[in-house]
>>> print(open('protein.txt').read())   # compact mmCIF, C-alpha atoms and all ligand atoms
# COMPACT_ATOMS: atom_id res chain seq x y z
CA MET A 1 79.38 -83.38 182.63
CA THR A 2 76.65 -82.75 185.21
CA ARG A 3 73.88 -85.27 185.67
CA SER A 4 71.23 -82.84 184.37
CA ALA A 5 73.25 -82.25 181.20
CA ARG A 6 73.46 -86.02 180.67
CA VAL A 7 69.73 -86.63 180.98
CA GLN A 8 69.02 -83.96 178.40
CA THR A 9 71.02 -85.74 175.72
CA PRO A 10 68.17 -87.67 174.04
CA ALA A 11 66.05 -84.52 173.95
CA LYS A 12 68.91 -82.64 172.32
CA ARG A 13 69.19 -85.35 169.69
CA LEU A 14 65.49 -84.94 168.87
CA ALA A 15 65.83 -81.16 168.71
CA GLY A 16 68.40 -81.76 165.97
CA LEU A 17 65.73 -83.40 163.81
CA GLY A 18 64.54 -79.99 162.63
CA THR A 19 60.93 -79.91 163.77
CA THR A 20 61.43 -76.97 166.14
CA ILE A 21 60.94 -74.96 162.95
CA PHE A 22 57.14 -75.09 163.45
CA THR A 23 57.33 -73.51 166.89
CA GLU A 24 59.78 -70.88 165.61
CA MET A 25 57.71 -70.06 162.55
CA THR A 26 54.44 -69.90 164.49
CA ALA A 27 56.03 -67.47 166.96
CA LEU A 28 57.35 -65.45 164.02
CA ALA A 29 53.88 -65.37 162.42
CA VAL A 30 52.32 -64.11 165.66
CA ARG A 31 55.06 -61.50 166.24
CA THR A 32 54.87 -60.11 162.71
CA GLY A 33 51.10 -60.48 162.19
CA SER A 34 51.80 -62.72 159.20
CA ILE A 35 49.51 -65.16 157.45
CA ASN A 36 50.74 -68.56 158.59
CA LEU A 37 50.97 -70.95 155.65
CA GLY A 38 53.56 -72.96 157.56
CA GLN A 39 51.42 -75.40 159.48
CA GLY A 40 49.08 -77.96 157.97
CA PHE A 41 45.71 -77.41 159.55
CA PRO A 42 42.51 -75.94 158.12
CA ASP A 43 41.05 -72.68 159.42
CA THR A 44 37.48 -74.02 159.12
CA ASP A 45 35.73 -76.95 160.80
CA GLY A 46 34.88 -80.22 159.15
CA PRO A 47 31.32 -81.39 158.37
CA PRO A 48 28.65 -80.18 160.86
CA ALA A 49 27.08 -83.65 161.03
CA VAL A 50 30.33 -84.99 162.47
CA ILE A 51 30.44 -82.23 165.08
CA GLU A 52 26.85 -83.10 166.01
CA ALA A 53 27.88 -86.72 166.44
CA ALA A 54 30.62 -85.60 168.85
CA VAL A 55 28.13 -83.49 170.83
CA ALA A 56 25.67 -86.37 170.94
CA ALA A 57 28.37 -88.72 172.22
CA LEU A 58 29.46 -86.20 174.88
CA ARG A 59 25.86 -85.74 176.01
CA GLY A 60 25.07 -89.42 175.67
CA GLY A 61 27.45 -90.61 178.37
CA GLU A 62 30.37 -91.69 176.15
CA ASN A 63 32.89 -90.09 178.46
CA GLN A 64 34.88 -92.89 180.07
CA TYR A 65 37.86 -94.92 178.88
CA ALA A 66 37.31 -96.57 175.54
CA PRO A 67 38.33 -100.23 175.22
CA LEU A 68 42.03 -100.52 174.29
CA PRO A 69 41.29 -101.48 170.64
CA GLY A 70 38.85 -98.56 170.28
CA VAL A 71 35.06 -98.22 170.48
CA PRO A 72 33.29 -100.91 168.44
CA ALA A 73 31.43 -98.28 166.35
CA LEU A 74 34.68 -96.81 165.02
CA ARG A 75 36.42 -100.16 164.56
CA GLU A 76 33.44 -101.35 162.52
CA ALA A 77 33.40 -98.09 160.55
CA VAL A 78 37.09 -98.50 159.67
CA LEU A 79 36.49 -102.08 158.48
CA ALA A 80 33.50 -100.94 156.40
CA HIS A 81 35.51 -98.03 154.97
CA GLN A 82 38.43 -100.26 153.92
CA ARG A 83 36.01 -102.70 152.30
CA ASP A 84 33.76 -100.17 150.56
CA TRP A 85 36.46 -97.82 149.26
CA TYR A 86 39.24 -100.30 148.49
CA GLY A 87 37.90 -103.87 148.65
CA LEU A 88 40.18 -104.65 151.60
CA GLU A 89 39.30 -107.05 154.43
CA PRO A 90 41.75 -106.28 157.24
CA GLU A 91 41.90 -108.89 160.01
CA ASP A 92 42.02 -106.35 162.82
CA VAL A 93 41.73 -102.64 163.65
CA LEU A 94 43.21 -100.50 166.41
CA VAL A 95 42.11 -96.95 167.24
CA THR A 96 44.97 -94.62 168.22
CA PHE A 97 45.64 -91.07 169.39
CA GLY A 98 45.93 -89.72 165.85
CA ALA A 99 47.93 -91.36 163.11
CA THR A 100 50.98 -90.11 164.99
CA GLU A 101 50.47 -92.58 167.82
CA ALA A 102 49.85 -95.42 165.37
CA ILE A 103 53.17 -94.60 163.65
CA ALA A 104 55.03 -94.50 166.98
CA ALA A 105 53.45 -97.66 168.36
CA ALA A 106 53.95 -99.57 165.08
CA LEU A 107 57.63 -98.68 164.86
CA LEU A 108 58.22 -99.49 168.54
CA GLY A 109 56.26 -102.72 168.27
CA LEU A 110 57.74 -103.95 165.02
CA CYS A 111 61.40 -102.85 164.99
CA ASP A 112 64.31 -104.17 167.00
CA PRO A 113 67.26 -101.96 167.85
CA GLY A 114 69.68 -102.09 164.93
CA ASN A 115 66.98 -102.66 162.31
CA GLU A 116 66.80 -100.34 159.34
CA VAL A 117 63.64 -98.56 158.25
CA VAL A 118 63.41 -97.61 154.59
CA VAL A 119 61.48 -94.37 154.33
CA LEU A 120 60.65 -91.88 151.59
CA GLU A 121 62.27 -88.54 152.27
CA PRO A 122 61.26 -85.78 152.71
CA TYR A 123 59.21 -87.13 155.61
CA TYR A 124 56.57 -86.13 158.14
CA ASP A 125 58.52 -85.02 161.15
CA SER A 126 57.54 -87.75 163.60
CA TYR A 127 59.03 -90.49 161.42
CA ALA A 128 62.68 -89.76 162.17
CA ALA A 129 61.95 -89.34 165.89
CA CYS A 130 60.00 -92.60 166.16
CA ILE A 131 62.58 -94.57 164.19
CA SER A 132 65.15 -93.26 166.65
CA PHE A 133 62.94 -94.16 169.68
CA ALA A 134 62.88 -97.72 168.35
CA GLY A 135 66.70 -97.78 168.21
CA ALA A 136 66.45 -98.31 164.46
CA THR A 137 68.15 -96.39 161.67
CA ARG A 138 66.47 -94.61 158.79
CA ARG A 139 67.47 -95.35 155.21
CA PRO A 140 65.93 -92.67 153.02
CA VAL A 141 64.72 -92.99 149.47
CA THR A 142 64.99 -89.40 148.30
CA LEU A 143 62.22 -87.76 146.27
CA ARG A 144 63.72 -84.88 144.28
CA PRO A 145 62.11 -82.02 142.39
CA PRO A 146 60.74 -81.48 139.84
CA GLY A 147 58.86 -84.81 139.77
CA PHE A 148 59.53 -86.19 143.29
CA GLU A 149 59.32 -89.71 141.80
CA VAL A 150 60.46 -92.92 143.51
CA SER A 151 63.47 -94.27 141.64
CA ALA A 152 64.16 -98.01 141.39
CA GLU A 153 67.85 -97.38 141.87
CA ASP A 154 67.30 -95.42 145.09
CA VAL A 155 65.03 -98.14 146.48
CA HIS A 156 67.65 -100.74 145.66
CA ASP A 157 70.39 -98.70 147.33
CA ALA A 158 68.34 -98.06 150.48
CA ILE A 159 67.68 -101.73 151.27
CA GLY A 160 70.46 -103.47 153.16
CA PRO A 161 70.64 -106.74 155.11
CA ARG A 162 69.27 -105.10 158.28
CA ALA A 163 66.19 -103.65 156.59
CA ARG A 164 63.04 -104.62 158.48
CA LEU A 165 60.34 -102.22 157.48
CA LEU A 166 59.23 -99.84 154.75
CA LEU A 167 57.55 -96.74 156.12
CA LEU A 168 55.49 -95.34 153.29
CA ASN A 169 53.37 -92.22 152.93
CA SER A 170 51.05 -91.56 150.01
CA PRO A 171 49.49 -89.05 149.39
CA HIS A 172 52.81 -87.65 150.52
CA ASN A 173 53.58 -84.80 152.87
CA PRO A 174 55.39 -82.52 152.11
CA THR A 175 55.71 -83.07 148.33
CA GLY A 176 51.98 -83.50 147.59
CA ARG A 177 52.80 -86.54 145.43
CA VAL A 178 50.28 -89.34 145.06
CA LEU A 179 52.34 -92.39 144.22
CA THR A 180 51.47 -94.10 140.95
CA ARG A 181 50.68 -97.77 140.65
CA GLY A 182 54.08 -98.24 139.02
CA GLU A 183 55.90 -96.71 141.98
CA LEU A 184 53.87 -98.75 144.44
CA GLU A 185 54.61 -101.92 142.47
CA LEU A 186 58.30 -101.14 142.65
CA LEU A 187 58.12 -100.72 146.43
CA ALA A 188 55.88 -103.77 146.86
CA ALA A 189 58.34 -105.89 144.88
CA ALA A 190 61.13 -104.72 147.21
CA CYS A 191 59.04 -105.64 150.28
CA LEU A 192 58.35 -109.10 148.90
CA GLU A 193 61.93 -109.72 147.82
CA HIS A 194 63.46 -108.58 151.14
CA ASP A 195 60.64 -109.75 153.40
CA LEU A 196 59.88 -106.26 154.70
CA ILE A 197 56.82 -105.21 156.66
CA CYS A 198 55.13 -102.17 155.17
CA VAL A 199 53.68 -99.49 157.42
CA THR A 200 51.77 -97.07 155.26
CA ASP A 201 50.56 -93.66 156.39
CA GLU A 202 47.52 -92.71 154.32
CA VAL A 203 46.16 -89.78 156.33
CA TYR A 204 45.56 -87.77 153.15
CA GLU A 205 43.75 -90.66 151.43
CA HIS A 206 40.67 -88.59 150.57
CA LEU A 207 42.57 -85.44 149.58
CA VAL A 208 43.55 -86.36 146.02
CA TYR A 209 43.03 -83.84 143.23
CA ASP A 210 44.69 -85.57 140.27
CA GLY A 211 45.00 -89.30 139.82
CA GLU A 212 43.89 -91.89 142.34
CA HIS A 213 44.92 -93.00 145.81
CA ILE A 214 45.98 -96.64 145.71
CA PRO A 215 46.44 -98.19 149.15
CA MET A 216 49.60 -100.29 149.33
CA ALA A 217 47.60 -103.14 150.91
CA THR A 218 45.65 -103.58 147.64
CA LEU A 219 48.76 -104.67 145.72
CA PRO A 220 49.22 -108.43 145.21
CA GLY A 221 50.87 -110.08 148.21
CA MET A 222 50.87 -106.88 150.28
CA ALA A 223 47.73 -107.16 152.46
CA GLU A 224 49.50 -109.91 154.45
CA ARG A 225 52.44 -107.65 155.34
CA THR A 226 50.96 -104.14 155.44
CA LEU A 227 49.73 -102.09 158.37
CA THR A 228 47.59 -99.23 157.01
CA ILE A 229 47.32 -96.05 159.08
CA SER A 230 44.88 -93.19 158.69
CA SER A 231 43.01 -90.65 160.79
CA VAL A 232 40.09 -88.26 160.89
CA GLY A 233 42.34 -85.18 161.06
CA LYS A 234 43.34 -84.31 157.50
CA SER A 235 40.67 -85.85 155.29
CA PHE A 236 37.80 -84.54 157.45
CA SER A 237 39.32 -81.26 158.73
CA PHE A 238 39.44 -82.22 162.40
CA THR A 239 43.18 -82.11 163.01
CA GLY A 240 42.67 -81.16 166.67
CA TRP A 241 40.77 -84.33 167.48
CA LYS A 242 43.69 -86.70 167.09
CA ILE A 243 41.63 -89.78 166.38
CA GLY A 244 43.51 -92.22 164.18
CA TRP A 245 43.54 -95.93 163.45
CA CYS A 246 45.51 -98.72 161.87
CA SER A 247 44.28 -101.88 160.24
CA GLY A 248 45.81 -104.97 158.70
CA PRO A 249 47.00 -108.46 159.60
CA ALA A 250 46.21 -109.51 163.19
CA SER A 251 49.90 -109.94 164.07
CA LEU A 252 50.88 -106.41 162.99
CA VAL A 253 47.90 -104.81 164.73
CA ALA A 254 48.63 -106.86 167.89
CA ALA A 255 52.25 -105.67 167.99
CA THR A 256 51.10 -102.07 167.63
CA ARG A 257 48.37 -102.51 170.25
CA MET A 258 50.87 -103.95 172.72
CA VAL A 259 52.88 -100.72 172.62
CA LYS A 260 49.88 -98.41 172.45
CA GLN A 261 48.58 -99.99 175.65
CA TYR A 262 51.52 -98.48 177.54
CA LEU A 263 51.68 -95.17 175.69
CA THR A 264 48.16 -93.80 176.20
CA PHE A 265 45.98 -96.94 176.60
CA ALA A 266 42.89 -95.21 175.15
CA GLY A 267 41.55 -91.73 174.62
CA GLY A 268 38.98 -89.42 173.08
CA THR A 269 35.96 -91.72 173.55
CA PRO A 270 33.30 -89.24 172.30
CA LEU A 271 35.47 -88.23 169.38
CA GLN A 272 35.93 -91.87 168.42
CA HIS A 273 32.15 -92.04 168.00
CA ALA A 274 32.22 -88.89 165.90
CA ALA A 275 35.05 -90.29 163.75
CA ALA A 276 32.80 -93.28 163.02
CA ALA A 277 30.16 -90.82 161.79
CA ALA A 278 32.77 -89.17 159.56
CA LEU A 279 33.67 -92.49 157.93
CA HIS A 280 29.96 -93.18 157.35
CA LEU A 281 29.40 -89.86 155.53
CA PRO A 282 28.03 -90.32 152.02
CA ARG A 283 30.74 -90.58 149.39
CA ASP A 284 29.79 -87.34 147.69
CA GLU A 285 30.28 -85.42 150.95
CA ILE A 286 33.74 -86.91 151.38
CA THR A 287 34.74 -86.10 147.81
CA ALA A 288 33.28 -82.57 148.19
CA LEU A 289 35.91 -81.88 150.86
CA ALA A 290 38.60 -82.71 148.30
CA GLY A 291 36.86 -80.56 145.67
CA ASP A 292 37.04 -77.55 147.98
CA LEU A 293 40.73 -78.14 148.63
CA ARG A 294 41.44 -78.61 144.92
CA ALA A 295 40.10 -75.10 144.28
CA LYS A 296 42.31 -73.76 147.09
CA ARG A 297 45.32 -75.56 145.66
CA ASP A 298 44.71 -73.96 142.28
CA GLN A 299 44.24 -70.54 143.85
CA LEU A 300 47.50 -70.67 145.82
CA CYS A 301 49.48 -72.18 142.91
CA ALA A 302 48.28 -69.31 140.68
CA GLY A 303 49.29 -66.81 143.38
CA LEU A 304 52.76 -68.35 143.71
CA GLN A 305 53.17 -68.32 139.94
CA ASP A 306 52.14 -64.66 139.76
CA ALA A 307 54.63 -63.84 142.50
CA GLY A 308 57.43 -65.24 140.31
CA LEU A 309 57.86 -68.37 142.42
CA HIS A 310 57.66 -71.76 140.74
CA PRO A 311 55.06 -74.09 142.26
CA TYR A 312 55.23 -77.84 141.72
CA VAL A 313 51.49 -78.45 141.50
CA PRO A 314 50.66 -81.21 144.02
CA ALA A 315 48.26 -84.06 143.21
CA GLY A 316 47.12 -84.35 146.84
CA THR A 317 47.48 -83.26 150.52
CA TYR A 318 47.40 -79.74 151.98
CA PHE A 319 50.76 -78.58 150.60
CA VAL A 320 52.45 -77.07 147.58
CA ASN A 321 56.20 -76.66 147.19
CA ALA A 322 57.64 -73.79 145.24
CA ASP A 323 61.13 -73.21 143.96
CA VAL A 324 62.01 -69.77 145.26
CA GLY A 325 65.27 -69.50 143.32
CA MET A 326 67.41 -68.77 146.38
CA ASP A 327 68.37 -70.33 149.72
CA ALA A 328 65.00 -71.50 151.08
CA ALA A 329 65.86 -71.07 154.78
CA GLU A 330 66.94 -67.48 154.20
CA PHE A 331 63.83 -66.81 152.08
CA CYS A 332 61.54 -68.14 154.85
CA ARG A 333 63.37 -66.24 157.58
CA ASP A 334 62.89 -62.94 155.73
CA LEU A 335 59.43 -63.56 154.24
CA PRO A 336 57.37 -62.34 157.25
CA GLU A 337 59.19 -59.00 157.32
CA ARG A 338 59.17 -58.67 153.53
CA CYS A 339 55.51 -59.42 152.94
CA GLY A 340 53.74 -60.85 156.01
CA VAL A 341 53.60 -64.53 155.03
CA VAL A 342 55.08 -67.52 156.85
CA ALA A 343 56.15 -70.71 155.05
CA ILE A 344 58.52 -73.59 155.78
CA PRO A 345 61.81 -74.43 154.03
CA THR A 346 61.15 -77.94 152.72
CA GLY A 347 64.73 -78.92 153.54
CA VAL A 348 63.75 -79.44 157.21
CA PHE A 349 61.98 -82.62 156.08
CA TYR A 350 65.05 -83.98 154.25
CA ASP A 351 68.28 -85.61 155.43
CA ASP A 352 69.71 -84.67 152.04
CA LYS A 353 69.35 -80.89 152.44
CA ALA A 354 70.86 -80.23 149.01
CA ALA A 355 67.87 -81.92 147.36
CA ALA A 356 65.62 -79.10 148.57
CA ALA A 357 67.97 -76.12 148.86
CA THR A 358 65.57 -73.71 147.13
CA LEU A 359 62.24 -75.38 147.99
CA VAL A 360 59.59 -73.82 150.23
CA ARG A 361 56.40 -75.50 151.45
CA PHE A 362 53.15 -73.54 151.61
CA ALA A 363 49.85 -74.88 153.06
CA PHE A 364 46.67 -74.17 151.09
CA CYS A 365 44.15 -75.60 153.60
CA LYS A 366 42.98 -72.07 154.44
CA ARG A 367 39.89 -69.99 153.64
CA ARG A 368 39.73 -68.57 150.13
CA GLU A 369 40.00 -64.99 151.39
CA VAL A 370 43.10 -65.88 153.41
CA ILE A 371 44.74 -67.44 150.35
CA ALA A 372 43.76 -64.38 148.27
CA GLU A 373 45.35 -62.07 150.84
CA ALA A 374 48.49 -64.24 151.02
CA ALA A 375 48.72 -64.23 147.20
CA GLU A 376 48.43 -60.44 147.15
CA ARG A 377 51.17 -60.12 149.76
CA LEU A 378 53.42 -62.54 147.88
CA ALA A 379 52.86 -60.57 144.66
CA SER A 380 54.50 -57.58 146.36
CA LEU A 381 57.78 -59.56 146.42
CA GLY A 382 58.44 -59.04 142.76
C1 LIG A 401 51.99 -87.61 156.64
C2 LIG A 401 51.35 -87.31 157.95
N1 LIG A 401 51.05 -88.32 158.78
C3 LIG A 401 50.46 -88.11 159.96
C4 LIG A 401 50.14 -86.83 160.38
C5 LIG A 401 49.49 -86.63 161.70
O1 LIG A 401 48.25 -87.25 161.76
P1 LIG A 401 47.40 -87.14 163.09
O2 LIG A 401 47.05 -85.71 163.31
O3 LIG A 401 46.23 -88.00 162.84
O4 LIG A 401 48.26 -87.65 164.21
C6 LIG A 401 50.47 -85.74 159.56
C7 LIG A 401 50.21 -84.36 160.02
O5 LIG A 401 50.79 -83.41 159.53
C8 LIG A 401 51.06 -85.99 158.31
O6 LIG A 401 51.34 -84.99 157.47
>>> encode(input="protein.txt", output="structure tokens")
Amino acid sequence: MTRSARVQTPAKRLAGLGTTIFTEMTALAVRTGSINLGQGFPDTDGPPAVIEAAVAALRGGENQYAPLPGVPALREAVLAHQRDWYGLEPEDVLVTFGATEAIAAALLGLCDPGNEVVVLEPYYDSYAACISFAGATRRPVTLRPPGFEVSAEDVHDAIGPRARLLLLNSPHNPTGRVLTRGELELLAAACLEHDLICVTDEVYEHLVYDGEHIPMATLPGMAERTLTISSVGKSFSFTGWKIGWCSGPASLVAATRMVKQYLTFAGGTPLQHAAAAALHLPRDEITALAGDLRAKRDQLCAGLQDAGLHPYVPAGTYFVNADVGMDAAEFCRDLPERCGVVAIPTGVFYDDKAAAATLVRFAFCKRREVIAEAAERLASLG
């Protein structure tokens, strides 16, 4: 083997994790002029007041390195948000380059090689990569259609003697599930029994259409062992800003900060100020964003239903999964040519591919007219 072939090996391992699908599908959408319902980002901006706060920060000289923990205005806004929305009093806060960096830094800071990370599958694509960077192993708890519920038996089976951490995500991408209190209690009991740290990714916390988002840290005994991650991207429609944060016990935040220091140190100073403005928006403006997305969810679900596909109506997030009644990868490969729509086979987010053999994920965080056009195109399938 040549030296260059050897050094490519870790990159090849990551390529095997399935996330190259987004690049492929985006290229396919561009080549075929398709509507891209593959990727999870809105095609409109978030609240104008937040953009104005970014402009003011840019013009107001907030253009140098932020302190490692983040600008005080955003750290205070995160503390106030956790207290006002959930009654939580985290000991410390760290601002990160999107939730993605918080996830990476937390896993690298909290896992030793050989540890096991219990994680709900299907999962957001960075999870598997970051678990692998940490030298840890993933132990999935599989959420299966139609209900995508967490089963006590699966949780029990996933936790072995080397388990160190539960990596949780609710509201959940890609299923759109919002975990119930009962499911969270089940997972919390497992954390307490096996002395696991919980790292919880709550980036869709304000995008709940049915039911209620319950942060894991609010469950009895969990605040002491839970690092809560969120960001401005999804809930406020600023996915390109990549301003995230984590909060929780001082020891967990410190471990994450230690790694973050050597990943990016700090970034996005003016946007950190704007993210603080987003968190200070009045409640009704924050819930209005979810109201708009609820209507889009209903519109796309109706379109999928009319097209003869079978949507599993999501309670939160940007995504709906539909059962397409055939091999999902084949369906998605042919969909742009058949009707000019791009979507993602949900199996790319699973280790257990069989659990999602006929499932396809569609994003509904698009303008109403775009969803209407996509629905019309999908209707031509039948
Ligand atoms: C579950 C989940 N976590 C985190 C992220 C990324 O968050 P950020 O853009 O803040 O890094 C995504 C984006 O798709 C996601 O779906």
>>> axis_aligned_box(input="protein.txt", around="ligand LIG 401 (chain A)", padding_each_side="5 Å", output="AutoDock Vina command-line options")
--center_x 49.1 --center_y -85.9 --center_z 160.4 --size_x 15.8 --size_y 14.9 --size_z 17.6
>>> atom_distance(input="protein.txt", atom1="CA of Ser231 in chain A", atom2="CA of Ala372 in chain A")
29.1 Å
>>> atom_distance(input="protein.txt", atom1="CA of Asn169 in chain A", atom2="CA of Val119 in chain A")
8.5 Å
>>> closest_residue(input="protein.txt", among="A:Asp306, A:Glu24, A:Glu205, A:Asp45", to="ligand LIG 401 (chain A)", atoms="only C-alpha atoms and all ligand atoms")
A:Glu205
>>> residues_near_ligand(input="protein.txt", ligand="ligand LIG 401 (chain A)", cutoff="9 Å", atoms="only C-alpha atoms and all ligand atoms", output="PyMOL selection string")
chain A and resi 39-41+96-103+123-127+169-174+201-204+229-234+238-245+317-318
>>> closest_atom_pairs(input="protein.txt", of="range 279-304 of chain A", to="range 74-79 of chain A", cutoff="12 Å", atoms="all atoms listed in the file", output="JSON lines")
{"residue": "A:Leu279", "atom": "CA", "partner": "A:Ala77", "partner_atom": "CA", "distance": 6.2}
{"residue": "A:His280", "atom": "CA", "partner": "A:Ala77", "partner_atom": "CA", "distance": 6.8}
{"residue": "A:Leu281", "atom": "CA", "partner": "A:Ala77", "partner_atom": "CA", "distance": 10.4}
>>> residues_around(input="protein.txt", residues="Leu196 in chain A", least_positions_apart="2", cutoff="8 Å", atoms="only C-alpha atoms", output="list of chain:residue names")
A:Ala163, A:Arg164, A:Leu165, A:Leu166, A:Ala190, A:Cys191, A:Leu192, A:Glu193, A:His194, A:Cys198, A:Arg225
>>> residues_around(input="protein.txt", residues="Gly291 in chain A", least_positions_apart="3", cutoff="9 Å", atoms="all atoms listed in the file", output="VMD selection string")
chain A and resid 207 to 209 287 to 288 294 to 296
>>> write_last_selection(input="protein.txt", atoms="C-alpha atoms", output="mmCIF file, in the frame of the given file")
data_model
loop_
_atom_site.group_PDB
_atom_site.id
_atom_site.type_symbol
_atom_site.label_atom_id
_atom_site.label_comp_id
_atom_site.auth_asym_id
_atom_site.auth_seq_id
_atom_site.Cartn_x
_atom_site.Cartn_y
_atom_site.Cartn_z
ATOM 1 C CA LEU A 207 42.570 -85.440 149.580
ATOM 2 C CA VAL A 208 43.550 -86.360 146.020
ATOM 3 C CA TYR A 209 43.030 -83.840 143.230
ATOM 4 C CA THR A 287 34.740 -86.100 147.810
ATOM 5 C CA ALA A 288 33.280 -82.570 148.190
ATOM 6 C CA ARG A 294 41.440 -78.610 144.920
ATOM 7 C CA ALA A 295 40.100 -75.100 144.280
ATOM 8 C CA LYS A 296 42.310 -73.760 147.090
#
>>> build_atoms(input="protein.txt", residues="range 201-217 of chain A", atoms="N, CA and C atoms", output="PDB file, keeping the file's coordinate frame")
ATOM      1  N   ASP A 201      51.271 -94.797 155.796  1.00  0.00           N
ATOM      2  CA  ASP A 201      50.560 -93.660 156.390  1.00  0.00           C
ATOM      3  C   ASP A 201      49.741 -93.011 155.285  1.00  0.00           C
ATOM      4  N   GLU A 202      48.411 -93.177 155.387  1.00  0.00           N
ATOM      5  CA  GLU A 202      47.520 -92.710 154.320  1.00  0.00           C
ATOM      6  C   GLU A 202      46.555 -91.648 154.837  1.00  0.00           C
ATOM      7  N   VAL A 203      47.061 -90.763 155.702  1.00  0.00           N
ATOM      8  CA  VAL A 203      46.160 -89.780 156.330  1.00  0.00           C
ATOM      9  C   VAL A 203      45.532 -88.809 155.339  1.00  0.00           C
ATOM     10  N   TYR A 204      46.144 -88.668 154.162  1.00  0.00           N
ATOM     11  CA  TYR A 204      45.560 -87.770 153.150  1.00  0.00           C
ATOM     12  C   TYR A 204      44.777 -88.553 152.093  1.00  0.00           C
ATOM     13  N   GLU A 205      44.324 -89.763 152.441  1.00  0.00           N
ATOM     14  CA  GLU A 205      43.750 -90.660 151.430  1.00  0.00           C
ATOM     15  C   GLU A 205      42.600 -90.038 150.642  1.00  0.00           C
ATOM     16  N   HIS A 206      41.810 -89.174 151.290  1.00  0.00           N
ATOM     17  CA  HIS A 206      40.670 -88.590 150.570  1.00  0.00           C
ATOM     18  C   HIS A 206      40.958 -87.206 150.005  1.00  0.00           C
ATOM     19  N   LEU A 207      42.215 -86.775 150.095  1.00  0.00           N
ATOM     20  CA  LEU A 207      42.570 -85.440 149.580  1.00  0.00           C
ATOM     21  C   LEU A 207      43.452 -85.596 148.343  1.00  0.00           C
ATOM     22  N   VAL A 208      42.840 -86.131 147.289  1.00  0.00           N
ATOM     23  CA  VAL A 208      43.550 -86.360 146.020  1.00  0.00           C
ATOM     24  C   VAL A 208      42.842 -85.559 144.943  1.00  0.00           C
ATOM     25  N   TYR A 209      43.619 -84.762 144.216  1.00  0.00           N
ATOM     26  CA  TYR A 209      43.030 -83.840 143.230  1.00  0.00           C
ATOM     27  C   TYR A 209      43.284 -84.296 141.799  1.00  0.00           C
ATOM     28  N   ASP A 210      44.393 -85.007 141.599  1.00  0.00           N
ATOM     29  CA  ASP A 210      44.690 -85.570 140.270  1.00  0.00           C
ATOM     30  C   ASP A 210      45.106 -87.013 140.512  1.00  0.00           C
ATOM     31  N   GLY A 211      44.634 -87.896 139.656  1.00  0.00           N
ATOM     32  CA  GLY A 211      45.000 -89.300 139.820  1.00  0.00           C
ATOM     33  C   GLY A 211      44.153 -89.951 140.890  1.00  0.00           C
ATOM     34  N   GLU A 212      44.699 -91.045 141.463  1.00  0.00           N
ATOM     35  CA  GLU A 212      43.890 -91.890 142.340  1.00  0.00           C
ATOM     36  C   GLU A 212      44.766 -92.381 143.488  1.00  0.00           C
ATOM     37  N   HIS A 213      44.174 -92.416 144.686  1.00  0.00           N
ATOM     38  CA  HIS A 213      44.920 -93.000 145.810  1.00  0.00           C
ATOM     39  C   HIS A 213      44.814 -94.519 145.753  1.00  0.00           C
ATOM     40  N   ILE A 214      45.961 -95.168 145.719  1.00  0.00           N
ATOM     41  CA  ILE A 214      45.980 -96.640 145.710  1.00  0.00           C
ATOM     42  C   ILE A 214      46.612 -97.095 147.017  1.00  0.00           C
ATOM     43  N   PRO A 215      45.833 -97.706 147.912  1.00  0.00           N
ATOM     44  CA  PRO A 215      46.440 -98.190 149.150  1.00  0.00           C
ATOM     45  C   PRO A 215      47.439 -99.314 148.864  1.00  0.00           C
ATOM     46  N   MET A 216      48.578 -99.271 149.542  1.00  0.00           N
ATOM     47  CA  MET A 216      49.600-100.290 149.330  1.00  0.00           C
ATOM     48  C   MET A 216      49.041-101.697 149.582  1.00  0.00           C
ATOM     49  N   ALA A 217      48.120-101.810 150.561  1.00  0.00           N
ATOM     50  CA  ALA A 217      47.600-103.140 150.910  1.00  0.00           C
ATOM     51  C   ALA A 217      46.806-103.776 149.775  1.00  0.00           C
TER      52      ALA A 217
END
